[in-house]
file upload_10.txt (compact mmCIF, C-alpha atoms)
# COMPACT_ATOMS: atom_id res chain seq x y z
CA MET A 50 -32.78 -2.76 1.63
CA LYS A 51 -31.28 -0.58 4.35
CA LYS A 52 -29.05 -2.98 6.20
CA ALA A 53 -27.65 -6.28 4.94
CA VAL A 54 -25.20 -9.03 5.71
CA ILE A 55 -23.08 -10.01 2.72
CA LEU A 56 -21.10 -13.19 2.14
CA LEU A 57 -17.70 -11.98 0.98
CA SER A 58 -15.38 -14.66 -0.35
CA GLY A 59 -12.74 -12.37 -1.83
CA GLY A 60 -13.64 -13.38 -5.39
CA LEU A 61 -14.84 -11.14 -8.19
CA ASP A 62 -18.56 -11.94 -7.81
CA SER A 63 -18.92 -11.24 -4.09
CA ALA A 64 -16.77 -8.09 -4.35
CA THR A 65 -18.98 -6.83 -7.20
CA SER A 66 -22.10 -7.61 -5.15
CA LEU A 67 -20.59 -5.65 -2.25
CA PHE A 68 -19.99 -2.54 -4.36
CA TRP A 69 -23.44 -2.94 -5.97
CA ALA A 70 -25.10 -2.85 -2.53
CA LYS A 71 -22.84 -0.02 -1.39
CA ALA A 72 -23.86 2.04 -4.41
CA LYS A 73 -27.47 1.58 -3.30
CA GLY A 74 -26.62 3.16 0.07
CA CYS A 75 -27.05 -0.07 2.01
CA LYS A 76 -25.33 -0.46 5.40
CA LEU A 77 -23.29 -3.63 5.08
CA PHE A 78 -21.61 -6.20 7.27
CA CYS A 79 -19.32 -8.72 5.58
CA LEU A 80 -19.09 -12.34 6.67
CA MET A 81 -16.16 -14.52 5.58
CA PHE A 82 -15.51 -18.17 6.29
CA ASP A 83 -12.41 -20.14 7.03
CA TYR A 84 -13.65 -23.65 6.29
CA GLY A 85 -10.35 -25.33 5.57
CA GLN A 86 -10.29 -24.27 1.92
CA ARG A 87 -7.03 -24.68 -0.01
CA HIS A 88 -7.19 -21.11 -1.21
CA LYS A 89 -6.82 -19.32 2.12
CA LYS A 90 -5.58 -16.33 0.16
CA GLU A 91 -9.20 -15.46 -0.64
CA ILE A 92 -9.78 -14.66 3.05
CA SER A 93 -6.95 -12.13 3.28
CA GLN A 94 -8.13 -10.58 0.02
CA ALA A 95 -11.71 -10.40 1.32
CA LYS A 96 -10.49 -8.50 4.38
CA VAL A 97 -8.64 -5.95 2.22
CA ILE A 98 -11.71 -5.55 -0.04
CA ALA A 99 -14.06 -5.03 2.95
CA ALA A 100 -11.70 -2.41 4.36
CA LYS A 101 -11.53 -0.71 0.96
CA ALA A 102 -15.34 -0.51 0.98
CA ASN A 103 -15.32 0.82 4.57
CA CYS A 104 -17.34 -2.12 5.81
CA ARG A 105 -17.14 -4.05 9.05
CA TYR A 106 -16.36 -7.73 8.68
CA ARG A 107 -15.90 -10.94 10.56
CA VAL A 108 -14.20 -14.23 9.66
CA LEU A 109 -15.99 -17.28 11.08
CA LYS A 110 -13.93 -20.44 11.40
CA ILE A 111 -16.02 -23.51 10.77
CA ASP A 112 -15.33 -27.20 10.76
CA LEU A 113 -16.99 -29.17 7.97
CA ALA A 114 -17.54 -32.72 9.18
CA GLY A 115 -17.14 -34.19 5.68
CA LYS A 116 -14.01 -33.86 3.58
CA HIS A 117 -15.38 -35.12 0.26
CA SER A 118 -14.42 -32.11 -1.83
CA SER A 119 -11.17 -31.31 -3.61
CA LEU A 120 -11.49 -27.78 -2.27
CA VAL A 121 -10.80 -28.94 1.28
CA ASN A 122 -9.10 -32.29 0.62
CA LYS A 123 -5.63 -31.99 -0.90
CA HIS A 124 -5.60 -35.69 -1.78
CA MET A 125 -8.33 -35.07 -4.35
CA LYS A 126 -7.60 -33.59 -7.76
CA ILE A 127 -9.05 -30.30 -8.98
CA THR A 128 -10.21 -30.35 -12.59
CA ALA A 129 -12.27 -28.03 -14.74
CA ALA A 130 -13.23 -30.67 -17.31
CA ASP A 131 -16.90 -30.89 -18.28
CA ILE A 132 -18.16 -28.30 -15.77
CA LYS A 133 -21.05 -27.55 -18.08
CA LYS A 134 -22.24 -31.15 -17.72
CA ILE A 135 -21.05 -32.42 -14.36
CA ILE A 136 -20.74 -31.01 -10.85
CA PRO A 137 -16.94 -30.84 -10.36
CA SER A 138 -14.90 -32.26 -7.46
CA THR A 139 -14.55 -28.74 -6.03
CA TYR A 140 -18.23 -28.84 -5.01
CA VAL A 141 -18.45 -28.62 -1.19
CA PRO A 142 -21.64 -30.28 0.09
CA ALA A 143 -24.17 -27.70 1.27
CA ARG A 144 -21.52 -24.98 1.56
CA ASN A 145 -23.74 -22.06 0.59
CA MET A 146 -26.50 -23.41 2.83
CA ILE A 147 -24.12 -23.33 5.80
CA PHE A 148 -22.81 -19.85 4.92
CA LEU A 149 -26.30 -18.47 4.31
CA SER A 150 -27.56 -19.96 7.58
CA PHE A 151 -24.87 -18.13 9.54
CA ALA A 152 -25.64 -14.97 7.57
CA ALA A 153 -29.39 -15.30 8.23
CA SER A 154 -28.69 -15.81 11.93
CA PHE A 155 -26.50 -12.72 12.05
CA ALA A 156 -28.96 -10.72 9.94
CA GLU A 157 -31.70 -11.51 12.44
CA SER A 158 -29.47 -10.60 15.40
CA GLU A 159 -28.65 -7.27 13.75
CA LYS A 160 -32.22 -6.62 12.52
CA ALA A 161 -30.99 -6.52 8.92
CA ASP A 162 -33.49 -6.96 6.11
CA ALA A 163 -31.35 -8.84 3.61
CA VAL A 164 -28.55 -11.33 3.06
CA ILE A 165 -26.53 -10.82 -0.12
CA ILE A 166 -24.68 -13.57 -1.96
CA GLY A 167 -22.63 -13.31 -5.17
CA ALA A 168 -24.09 -16.55 -6.57
CA ASN A 169 -24.28 -16.90 -10.33
CA GLN A 170 -25.94 -19.61 -12.40
CA ILE A 171 -24.69 -18.68 -15.88
CA ASP A 172 -20.87 -18.81 -16.05
CA TYR A 173 -20.39 -20.89 -12.93
CA SER A 174 -19.02 -24.16 -11.57
CA ASN A 175 -22.41 -25.89 -11.85
CA TYR A 176 -22.92 -26.02 -8.09
CA PRO A 177 -26.59 -26.63 -7.20
CA ASP A 178 -26.35 -24.21 -4.27
CA CYS A 179 -25.75 -21.31 -6.67
CA ARG A 180 -29.01 -21.80 -8.56
CA ALA A 181 -32.22 -19.78 -8.35
CA GLY A 182 -34.31 -22.75 -7.20
CA PHE A 183 -32.13 -23.29 -4.15
CA LEU A 184 -31.92 -19.62 -3.21
CA LYS A 185 -35.71 -19.23 -3.41
CA ALA A 186 -36.27 -22.38 -1.34
CA PHE A 187 -33.70 -21.25 1.21
CA GLU A 188 -35.31 -17.80 1.53
CA ASN A 189 -38.60 -19.52 2.24
CA ALA A 190 -36.96 -21.68 4.94
CA VAL A 191 -35.37 -18.60 6.55
CA ASN A 192 -38.68 -16.83 6.77
CA LYS A 193 -40.41 -19.89 8.21
CA GLY A 194 -37.66 -20.64 10.72
CA THR A 195 -36.67 -17.29 12.20
CA LYS A 196 -38.49 -15.13 14.74
CA GLN A 197 -38.19 -12.13 12.41
CA GLY A 198 -39.61 -14.09 9.48
CA ALA A 199 -42.38 -15.66 11.57
CA GLN A 200 -43.38 -12.15 12.68
CA GLY A 201 -43.69 -11.02 9.08
CA LYS A 202 -40.50 -8.95 8.80
CA LYS A 203 -38.95 -10.94 6.00
CA ILE A 204 -35.26 -11.43 5.43
CA LYS A 205 -34.55 -11.33 1.70
CA ILE A 206 -31.86 -13.44 0.07
CA LEU A 207 -30.46 -11.32 -2.74
CA ALA A 208 -28.23 -12.58 -5.53
CA PRO A 209 -27.72 -9.55 -7.80
CA LEU A 210 -25.45 -11.41 -10.25
CA LEU A 211 -27.53 -14.57 -10.54
CA ASN A 212 -28.35 -14.33 -14.24
CA LYS A 213 -25.41 -12.33 -15.55
CA THR A 214 -22.64 -13.70 -17.73
CA LYS A 215 -19.10 -13.41 -16.37
CA ALA A 216 -18.40 -10.78 -19.05
CA GLN A 217 -21.34 -8.73 -17.78
CA ILE A 218 -20.03 -9.07 -14.22
CA VAL A 219 -16.57 -7.88 -15.29
CA LYS A 220 -18.12 -4.81 -16.95
CA MET A 221 -20.32 -4.16 -13.91
CA ALA A 222 -17.28 -4.41 -11.63
CA LYS A 223 -15.47 -1.84 -13.77
CA ARG A 224 -18.47 0.50 -13.70
CA LEU A 225 -18.81 0.22 -9.92
CA ASN A 226 -15.09 0.83 -9.33
CA VAL A 227 -14.60 -2.54 -7.69
CA PRO A 228 -10.90 -2.98 -6.83
CA ILE A 229 -10.72 -5.92 -9.25
CA GLU A 230 -6.96 -6.21 -8.78
CA LEU A 231 -7.55 -7.25 -5.17
CA THR A 232 -10.04 -10.04 -5.94
CA TRP A 233 -8.90 -13.65 -5.85
CA SER A 234 -10.65 -16.48 -7.65
CA CYS A 235 -8.19 -19.38 -7.97
CA TYR A 236 -9.05 -22.56 -6.04
CA SER A 237 -5.64 -24.22 -6.13
CA GLY A 238 -3.99 -22.65 -3.12
CA GLY A 239 -0.87 -21.32 -4.82
CA LYS A 240 0.58 -17.83 -4.61
CA ARG A 241 -0.24 -17.28 -8.29
CA ALA A 242 -3.50 -18.29 -9.98
CA CYS A 243 -3.23 -21.74 -11.60
CA GLY A 244 -5.22 -20.90 -14.74
CA ARG A 245 -6.67 -24.42 -14.85
CA CYS A 246 -9.20 -24.77 -12.01
CA PRO A 247 -12.92 -24.12 -12.76
CA SER A 248 -12.74 -20.71 -11.13
CA CYS A 249 -9.65 -19.56 -13.11
CA VAL A 250 -11.13 -20.85 -16.38
CA ILE A 251 -14.43 -18.98 -15.84
CA ARG A 252 -12.68 -15.77 -14.76
CA ALA A 253 -10.37 -15.75 -17.80
CA LYS A 254 -13.32 -16.37 -20.14
CA GLY A 255 -15.23 -13.45 -18.58
CA PHE A 256 -12.39 -10.94 -19.02
CA LYS A 257 -11.74 -12.16 -22.57
CA GLU A 258 -15.40 -11.84 -23.57
CA ALA A 259 -15.65 -8.41 -21.93
CA GLY A 260 -12.56 -7.26 -23.80
CA ILE A 261 -10.96 -6.08 -20.57
CA GLU A 262 -7.55 -7.05 -19.24
CA ASP A 263 -7.58 -8.69 -15.81
CA PRO A 264 -5.70 -6.27 -13.51
CA CYS A 265 -4.95 -9.02 -10.95
CA LYS A 266 -1.14 -9.24 -11.00
CA SER A 267 -1.04 -12.88 -9.85
CA CYS A 268 -3.70 -14.07 -12.30
CA MET U 1033 -33.73 -45.00 6.11
CA LYS U 1034 -30.49 -47.00 6.22
CA LYS U 1035 -27.95 -44.40 7.22
CA ALA U 1036 -28.61 -41.07 8.93
CA VAL U 1037 -26.94 -38.15 10.62
CA ILE U 1038 -28.64 -37.15 13.87
CA LEU U 1039 -28.40 -33.88 15.77
CA LEU U 1040 -27.74 -34.92 19.36
CA SER U 1041 -27.98 -32.16 21.94
CA GLY U 1042 -27.89 -34.34 25.04
CA GLY U 1043 -31.50 -33.52 25.90
CA LEU U 1044 -34.41 -35.92 26.24
CA ASP U 1045 -35.85 -35.33 22.76
CA SER U 1046 -32.74 -35.92 20.71
CA ALA U 1047 -31.76 -38.94 22.83
CA THR U 1048 -35.23 -40.43 22.30
CA SER U 1049 -34.95 -39.77 18.55
CA LEU U 1050 -31.57 -41.53 18.57
CA PHE U 1051 -32.95 -44.66 20.21
CA TRP U 1052 -36.02 -44.55 17.93
CA ALA U 1053 -33.77 -44.61 14.84
CA LYS U 1054 -31.53 -47.25 16.37
CA ALA U 1055 -34.54 -49.49 16.99
CA LYS U 1056 -35.30 -49.20 13.28
CA GLY U 1057 -31.83 -50.60 12.47
CA CYS U 1058 -30.54 -47.33 11.07
CA LYS U 1059 -26.77 -46.72 10.96
CA LEU U 1060 -26.28 -43.44 12.80
CA PHE U 1061 -23.72 -40.71 13.14
CA CYS U 1062 -24.27 -38.11 15.87
CA LEU U 1063 -23.41 -34.45 15.43
CA MET U 1064 -23.12 -32.15 18.44
CA PHE U 1065 -22.42 -28.42 18.54
CA ASP U 1066 -20.41 -26.26 20.84
CA TYR U 1067 -21.86 -22.85 19.97
CA GLY U 1068 -21.02 -21.02 23.15
CA GLN U 1069 -24.15 -22.19 24.98
CA ARG U 1070 -24.33 -21.65 28.75
CA HIS U 1071 -25.24 -25.27 29.31
CA LYS U 1072 -22.03 -26.89 28.11
CA LYS U 1073 -23.00 -29.88 30.24
CA GLU U 1074 -25.35 -31.00 27.47
CA ILE U 1075 -22.34 -31.70 25.24
CA SER U 1076 -20.65 -34.04 27.72
CA GLN U 1077 -23.99 -35.78 28.28
CA ALA U 1078 -24.52 -36.12 24.52
CA LYS U 1079 -21.14 -37.84 24.21
CA VAL U 1080 -22.01 -40.35 26.94
CA ILE U 1081 -25.42 -41.02 25.34
CA ALA U 1082 -23.87 -41.56 21.87
CA ALA U 1083 -21.35 -43.99 23.37
CA LYS U 1084 -24.17 -45.80 25.20
CA ALA U 1085 -25.94 -46.22 21.83
CA ASN U 1086 -22.68 -47.43 20.20
CA CYS U 1087 -22.72 -44.56 17.73
CA ARG U 1088 -19.90 -42.52 16.32
CA TYR U 1089 -20.08 -38.81 17.04
CA ARG U 1090 -18.40 -35.51 16.43
CA VAL U 1091 -18.58 -32.16 18.23
CA LEU U 1092 -18.37 -29.18 15.88
CA LYS U 1093 -17.30 -25.91 17.42
CA ILE U 1094 -19.03 -22.99 15.77
CA ASP U 1095 -18.93 -19.26 16.26
CA LEU U 1096 -22.28 -17.49 16.05
CA ALA U 1097 -21.71 -13.95 14.86
CA GLY U 1098 -24.70 -12.59 16.81
CA LYS U 1099 -25.03 -12.79 20.59
CA HIS U 1100 -28.67 -11.73 20.89
CA SER U 1101 -29.86 -14.76 22.85
CA SER U 1102 -29.84 -15.42 26.58
CA LEU U 1103 -28.60 -18.92 25.78
CA VAL U 1104 -25.23 -17.58 24.65
CA ASN U 1105 -25.20 -14.18 26.35
CA LYS U 1106 -24.90 -14.30 30.12
CA HIS U 1107 -25.88 -10.63 30.43
CA MET U 1108 -29.39 -11.53 29.27
CA LYS U 1109 -31.97 -13.07 31.58
CA ILE U 1110 -33.51 -16.50 31.02
CA THR U 1111 -37.24 -16.65 31.71
CA ALA U 1112 -39.97 -19.17 31.00
CA ALA U 1113 -42.84 -16.67 31.29
CA ASP U 1114 -45.44 -16.71 28.51
CA ILE U 1115 -43.65 -19.27 26.31
CA LYS U 1116 -47.01 -20.29 24.88
CA LYS U 1117 -47.48 -16.77 23.56
CA ILE U 1118 -44.03 -15.30 22.95
CA ILE U 1119 -40.72 -16.56 21.61
CA PRO U 1120 -38.48 -16.47 24.72
CA SER U 1121 -35.06 -14.85 25.08
CA THR U 1122 -33.42 -18.28 24.85
CA TYR U 1123 -34.27 -18.37 21.14
CA VAL U 1124 -31.01 -18.46 19.14
CA PRO U 1125 -31.48 -16.94 15.65
CA ALA U 1126 -31.50 -19.64 12.96
CA ARG U 1127 -29.83 -22.17 15.26
CA ASN U 1128 -31.55 -25.25 13.86
CA MET U 1129 -30.96 -23.98 10.33
CA ILE U 1130 -27.22 -23.81 11.02
CA PHE U 1131 -27.18 -27.24 12.71
CA LEU U 1132 -29.28 -28.84 9.97
CA SER U 1133 -27.08 -27.32 7.26
CA PHE U 1134 -23.97 -28.92 8.76
CA ALA U 1135 -25.89 -32.19 9.14
CA ALA U 1136 -27.09 -32.07 5.52
CA SER U 1137 -23.54 -31.38 4.36
CA PHE U 1138 -22.21 -34.32 6.33
CA ALA U 1139 -25.11 -36.55 5.24
CA GLU U 1140 -24.25 -35.83 1.63
CA SER U 1141 -20.55 -36.49 2.21
CA GLU U 1142 -21.41 -39.82 3.83
CA LYS U 1143 -24.12 -40.73 1.30
CA ALA U 1144 -26.71 -40.89 4.09
CA ASP U 1145 -30.38 -40.69 3.21
CA ALA U 1146 -31.69 -38.78 6.21
CA VAL U 1147 -30.99 -36.16 8.85
CA ILE U 1148 -32.81 -36.64 12.15
CA ILE U 1149 -33.73 -33.87 14.57
CA GLY U 1150 -35.56 -34.12 17.89
CA ALA U 1151 -37.66 -31.03 17.15
CA ASN U 1152 -41.09 -30.80 18.75
CA GLN U 1153 -43.87 -28.28 18.19
CA ILE U 1154 -46.28 -29.26 20.95
CA ASP U 1155 -44.63 -28.91 24.38
CA TYR U 1156 -41.77 -26.69 23.27
CA SER U 1157 -40.14 -23.30 23.72
CA ASN U 1158 -42.08 -21.80 20.81
CA TYR U 1159 -39.02 -21.57 18.57
CA PRO U 1160 -40.01 -21.12 14.88
CA ASP U 1161 -37.18 -23.42 13.80
CA CYS U 1162 -38.83 -26.37 15.57
CA ARG U 1163 -42.06 -26.14 13.57
CA ALA U 1164 -43.27 -28.36 10.73
CA GLY U 1165 -43.43 -25.48 8.24
CA PHE U 1166 -39.75 -24.69 8.69
CA LEU U 1167 -38.61 -28.30 8.55
CA LYS U 1168 -40.55 -28.94 5.34
CA ALA U 1169 -39.18 -25.75 3.76
CA PHE U 1170 -35.66 -26.64 4.85
CA GLU U 1171 -35.92 -30.16 3.40
CA ASN U 1172 -36.96 -28.61 0.10
CA ALA U 1173 -33.93 -26.27 0.19
CA VAL U 1174 -31.59 -29.18 0.93
CA ASN U 1175 -32.85 -31.14 -2.02
CA LYS U 1176 -32.58 -28.15 -4.32
CA GLY U 1177 -29.13 -27.12 -3.13
CA THR U 1178 -27.15 -30.36 -2.84
CA LYS U 1179 -25.64 -32.54 -5.56
CA GLN U 1180 -27.37 -35.59 -4.10
CA GLY U 1181 -30.74 -33.82 -4.04
CA ALA U 1182 -30.28 -32.35 -7.51
CA GLN U 1183 -29.58 -35.86 -8.80
CA GLY U 1184 -32.83 -37.15 -7.33
CA LYS U 1185 -31.45 -39.03 -4.30
CA LYS U 1186 -33.32 -37.06 -1.69
CA ILE U 1187 -32.09 -36.36 1.82
CA LYS U 1188 -35.03 -36.57 4.23
CA ILE U 1189 -35.31 -34.35 7.29
CA LEU U 1190 -37.00 -36.49 9.92
CA ALA U 1191 -38.47 -35.19 13.17
CA PRO U 1192 -40.04 -38.26 14.80
CA LEU U 1193 -41.24 -36.36 17.89
CA LEU U 1194 -42.66 -33.35 16.08
CA ASN U 1195 -46.29 -33.76 17.11
CA LYS U 1196 -45.94 -35.62 20.39
CA THR U 1197 -46.63 -34.17 23.81
CA LYS U 1198 -43.75 -34.22 26.29
CA ALA U 1199 -45.61 -36.88 28.27
CA GLN U 1200 -45.76 -39.06 25.15
CA ILE U 1201 -42.03 -38.51 24.60
CA VAL U 1202 -41.28 -39.53 28.20
CA LYS U 1203 -43.28 -42.74 27.73
CA MET U 1204 -41.61 -43.41 24.38
CA ALA U 1205 -38.18 -42.91 25.97
CA LYS U 1206 -39.06 -45.46 28.67
CA ARG U 1207 -40.27 -47.95 26.08
CA LEU U 1208 -37.11 -47.55 23.96
CA ASN U 1209 -34.81 -47.92 27.00
CA VAL U 1210 -33.33 -44.46 26.53
CA PRO U 1211 -30.85 -43.78 29.37
CA ILE U 1212 -33.07 -40.90 30.56
CA GLU U 1213 -30.91 -40.40 33.65
CA LEU U 1214 -28.08 -39.25 31.37
CA THR U 1215 -30.09 -36.66 29.45
CA TRP U 1216 -29.69 -32.99 30.27
CA SER U 1217 -32.28 -30.33 29.49
CA CYS U 1218 -31.56 -27.30 31.69
CA TYR U 1219 -30.46 -24.13 29.90
CA SER U 1220 -29.04 -22.25 32.88
CA GLY U 1221 -25.51 -23.63 32.96
CA GLY U 1222 -25.46 -24.81 36.58
CA LYS U 1223 -24.39 -28.20 37.87
CA ARG U 1224 -27.97 -28.92 38.90
CA ALA U 1225 -31.06 -28.17 36.82
CA CYS U 1226 -32.55 -24.78 37.70
CA GLY U 1227 -36.21 -25.84 37.46
CA ARG U 1228 -37.20 -22.44 36.10
CA CYS U 1229 -35.91 -22.11 32.52
CA PRO U 1230 -38.28 -23.02 29.62
CA SER U 1231 -36.56 -26.37 29.14
CA CYS U 1232 -36.78 -27.39 32.84
CA VAL U 1233 -40.44 -26.31 33.03
CA ILE U 1234 -41.41 -28.35 29.95
CA ARG U 1235 -39.44 -31.40 31.09
CA ALA U 1236 -41.02 -31.39 34.56
CA LYS U 1237 -44.51 -31.04 33.05
CA GLY U 1238 -43.86 -34.01 30.76
CA PHE U 1239 -42.76 -36.36 33.53
CA LYS U 1240 -45.65 -35.22 35.73
CA GLU U 1241 -48.24 -35.81 33.02
CA ALA U 1242 -46.69 -39.18 32.12
CA GLY U 1243 -46.84 -40.22 35.80
CA ILE U 1244 -43.17 -41.18 35.70
CA GLU U 1245 -40.43 -39.96 38.03
CA ASP U 1246 -37.53 -38.20 36.32
CA PRO U 1247 -34.48 -40.42 36.97
CA CYS U 1248 -32.04 -37.55 36.35
CA LYS U 1249 -30.28 -37.08 39.70
CA SER U 1250 -29.43 -33.42 39.09
CA CYS U 1251 -32.93 -32.50 37.87

call {"tool": "encode", "arguments": {"input": "upload_10.txt", "output": "structure tokens"}}
result
Amino acid sequence: MKKAVILLSGGLDSATSLFWAKAKGCKLFCLMFDYGQRHKKEISQAKVIAAKANCRYRVLKIDLAGKHSSLVNKHMKITAADIKKIIPSTYVPARNMIFLSFAASFAESEKADAVIIGANQIDYSNYPDCRAGFLKAFENAVNKGTKQGAQGKKIKILAPLLNKTKAQIVKMAKRLNVPIELTWSCYSGGKRACGRCPSCVIRAKGFKEAGIEDPCKSC
Amino acid sequence: MKKAVILLSGGLDSATSLFWAKAKGCKLFCLMFDYGQRHKKEISQAKVIAAKANCRYRVLKIDLAGKHSSLVNKHMKITAADIKKIIPSTYVPARNMIFLSFAASFAESEKADAVIIGANQIDYSNYPDCRAGFLKAFENAVNKGTKQGAQGKKIKILAPLLNKTKAQIVKMAKRLNVPIELTWSCYSGGKRACGRCPSCVIRAKGFKEAGIEDPCKSC
């Protein structure tokens, strides 16, 4: 992996993935998305984190045709109840597929050999597009559907945090000197983290289990 | 197939796919993309065709991070030479993957059971993202990565023209009363079709082999 495109949301997982790839000496380009999410703050945090890592970045504004997610529809309620059993209302249909498609397109344009995503399937919001089965299937589609892939120069989809617990990710972030205080996880769109949305609940659990205090001043 | 989202470019293939699905009694929603293509005319034609078919539609404006295609980069030359052997400069990295991802997202939001694309792998521009292998792999990714798919209510990716010659498509369009005169294929961005780009060359060959005159006044 010499050159990669990374999806940077501004959250803890993607920031940790960024510093993981940086530590490996990979040349990185960060892609961010403004898709009408409530928590626009993540975009400004992603920019600061990319700059901190000395990486180029770009924010792509996209228009999701459907609004059936509480993450983009303020009339819907955000809840973290039962996220181990159900897929919560914050699920955005095919979001990672859209993001990864743009990243694969850009990776091919830039002759990069990988796309990196901070997806995790252990302490997560139960979204199907964060699971190993999807990422493997998507990688296969990329390499069937791109010129680079069809010519045998594969584009890898890497998810370095896929099978880590949130506590392990917190420890890894510390070890890699990720500017954790700059990361933003809360879905609710406020200036301070709500502490109740799936993302806040999972983040708090991770820091607690790691025995590390969250340095984010608004969390 | 009761309800589907269809990618409508304004060209002959997607218009024929639209009328094919309509003839089957399918409820359709058309998605179009403004991705910085030279041939913006296809978007206005797609709108007229959707209205003619009494279908709702939406144009999504997207920003491709890479500009390494002559279809979006006017400094690059469009040529139709050797399209049987090479992938031409008009190839846009992962374009159909991006379009299909938005369509799958919208299909899931609308509880549709299919996404329709006018892709063809016989008389085509040799793009890897028009081939059966990619479409099958992408369908698999969709059904792994969406809530609907994960719950067993599959979203099908249908390409009704996949293995037809252009002459067969022309005849099918005639039979289905597609308003062929409204379709627009030329890539070059002029008011009249250039007759030289891959899309013009393939269209002309199709009408010639079908023994039908192209009713498009600007072609």

call {"tool": "interface_residues", "arguments": {"input": "upload_10.txt", "of": "chain U", "to": "chain A", "cutoff": "6 Å", "atoms": "all atoms listed in the file", "output": "count of residues only"}}
result
21

call {"tool": "closest_residue", "arguments": {"input": "upload_10.txt", "among": "A:Leu120, A:Ala222, A:Ala163, A:Gly244", "to": "Phe78 (chain A)", "atoms": "all atoms listed in the file"}}
result
A:Ala163

call {"tool": "residues_around", "arguments": {"input": "upload_10.txt", "residues": "Pro209 (chain A)", "least_positions_apart": "6", "cutoff": "9 Å", "atoms": "all atoms listed in the file", "output": "PyMOL selection string"}}
result
chain A and resi 66+69-70+165-169

call {"tool": "residues_around", "arguments": {"input": "upload_10.txt", "residues": "region 228-241 of chain A", "least_positions_apart": "5", "cutoff": "6 Å", "atoms": "all atoms listed in the file", "output": "list of chain:residue names"}}
result
A:Gly59, A:Gly60, A:Leu61, A:Arg87, A:His88, A:Glu91, A:Ser248, A:Cys249, A:Pro264, A:Cys265, A:Ser267

call {"tool": "closest_residue", "arguments": {"input": "upload_10.txt", "among": "U:Glu1241, U:Asp1114, U:Asp1066, U:Asp1145", "to": "Ser1157 (chain U)", "atoms": "only C-alpha atoms"}}
result
U:Asp1114

call {"tool": "atom_distance", "arguments": {"input": "upload_10.txt", "atom1": "CA of Lys203 (chain A)", "atom2": "CA of Tyr1067 (chain U)"}}
result
25.1 Å

call {"tool": "decode", "arguments": {"input": "upload_10.txt", "residues": "region 142-153 of chain A", "atoms": "N, CA and C atoms", "output": "compact mmCIF listing (two decimals), in the first residue's frame"}}
result
# COMPACT_ATOMS: atom_id res chain seq x y z
N PRO A 142 -29.44 4.49 4.09
CA PRO A 142 -29.37 3.47 3.05
C PRO A 142 -28.16 3.61 2.12
N ALA A 143 -27.38 2.54 2.08
CA ALA A 143 -26.25 2.43 1.14
C ALA A 143 -25.20 3.54 1.26
N ARG A 144 -25.13 4.17 2.43
CA ARG A 144 -24.20 5.30 2.58
C ARG A 144 -22.75 4.91 2.31
N ASN A 145 -22.28 3.85 2.94
CA ASN A 145 -20.88 3.49 2.71
C ASN A 145 -20.63 3.03 1.27
N MET A 146 -21.65 2.47 0.65
CA MET A 146 -21.50 2.07 -0.76
C MET A 146 -21.30 3.31 -1.63
N ILE A 147 -22.07 4.35 -1.36
CA ILE A 147 -21.91 5.60 -2.11
C ILE A 147 -20.52 6.20 -1.85
N PHE A 148 -20.15 6.30 -0.58
CA PHE A 148 -18.84 6.89 -0.23
C PHE A 148 -17.69 6.08 -0.86
N LEU A 149 -17.79 4.76 -0.73
CA LEU A 149 -16.71 3.90 -1.25
C LEU A 149 -16.64 3.97 -2.78
N SER A 150 -17.79 4.15 -3.42
CA SER A 150 -17.80 4.26 -4.89
C SER A 150 -17.05 5.51 -5.34
N PHE A 151 -17.32 6.63 -4.67
CA PHE A 151 -16.58 7.86 -4.99
C PHE A 151 -15.08 7.65 -4.72
N ALA A 152 -14.78 6.99 -3.60
CA ALA A 152 -13.38 6.78 -3.24
C ALA A 152 -12.69 5.86 -4.25
N ALA A 153 -13.40 4.83 -4.71
CA ALA A 153 -12.82 3.92 -5.71
C ALA A 153 -12.58 4.67 -7.02
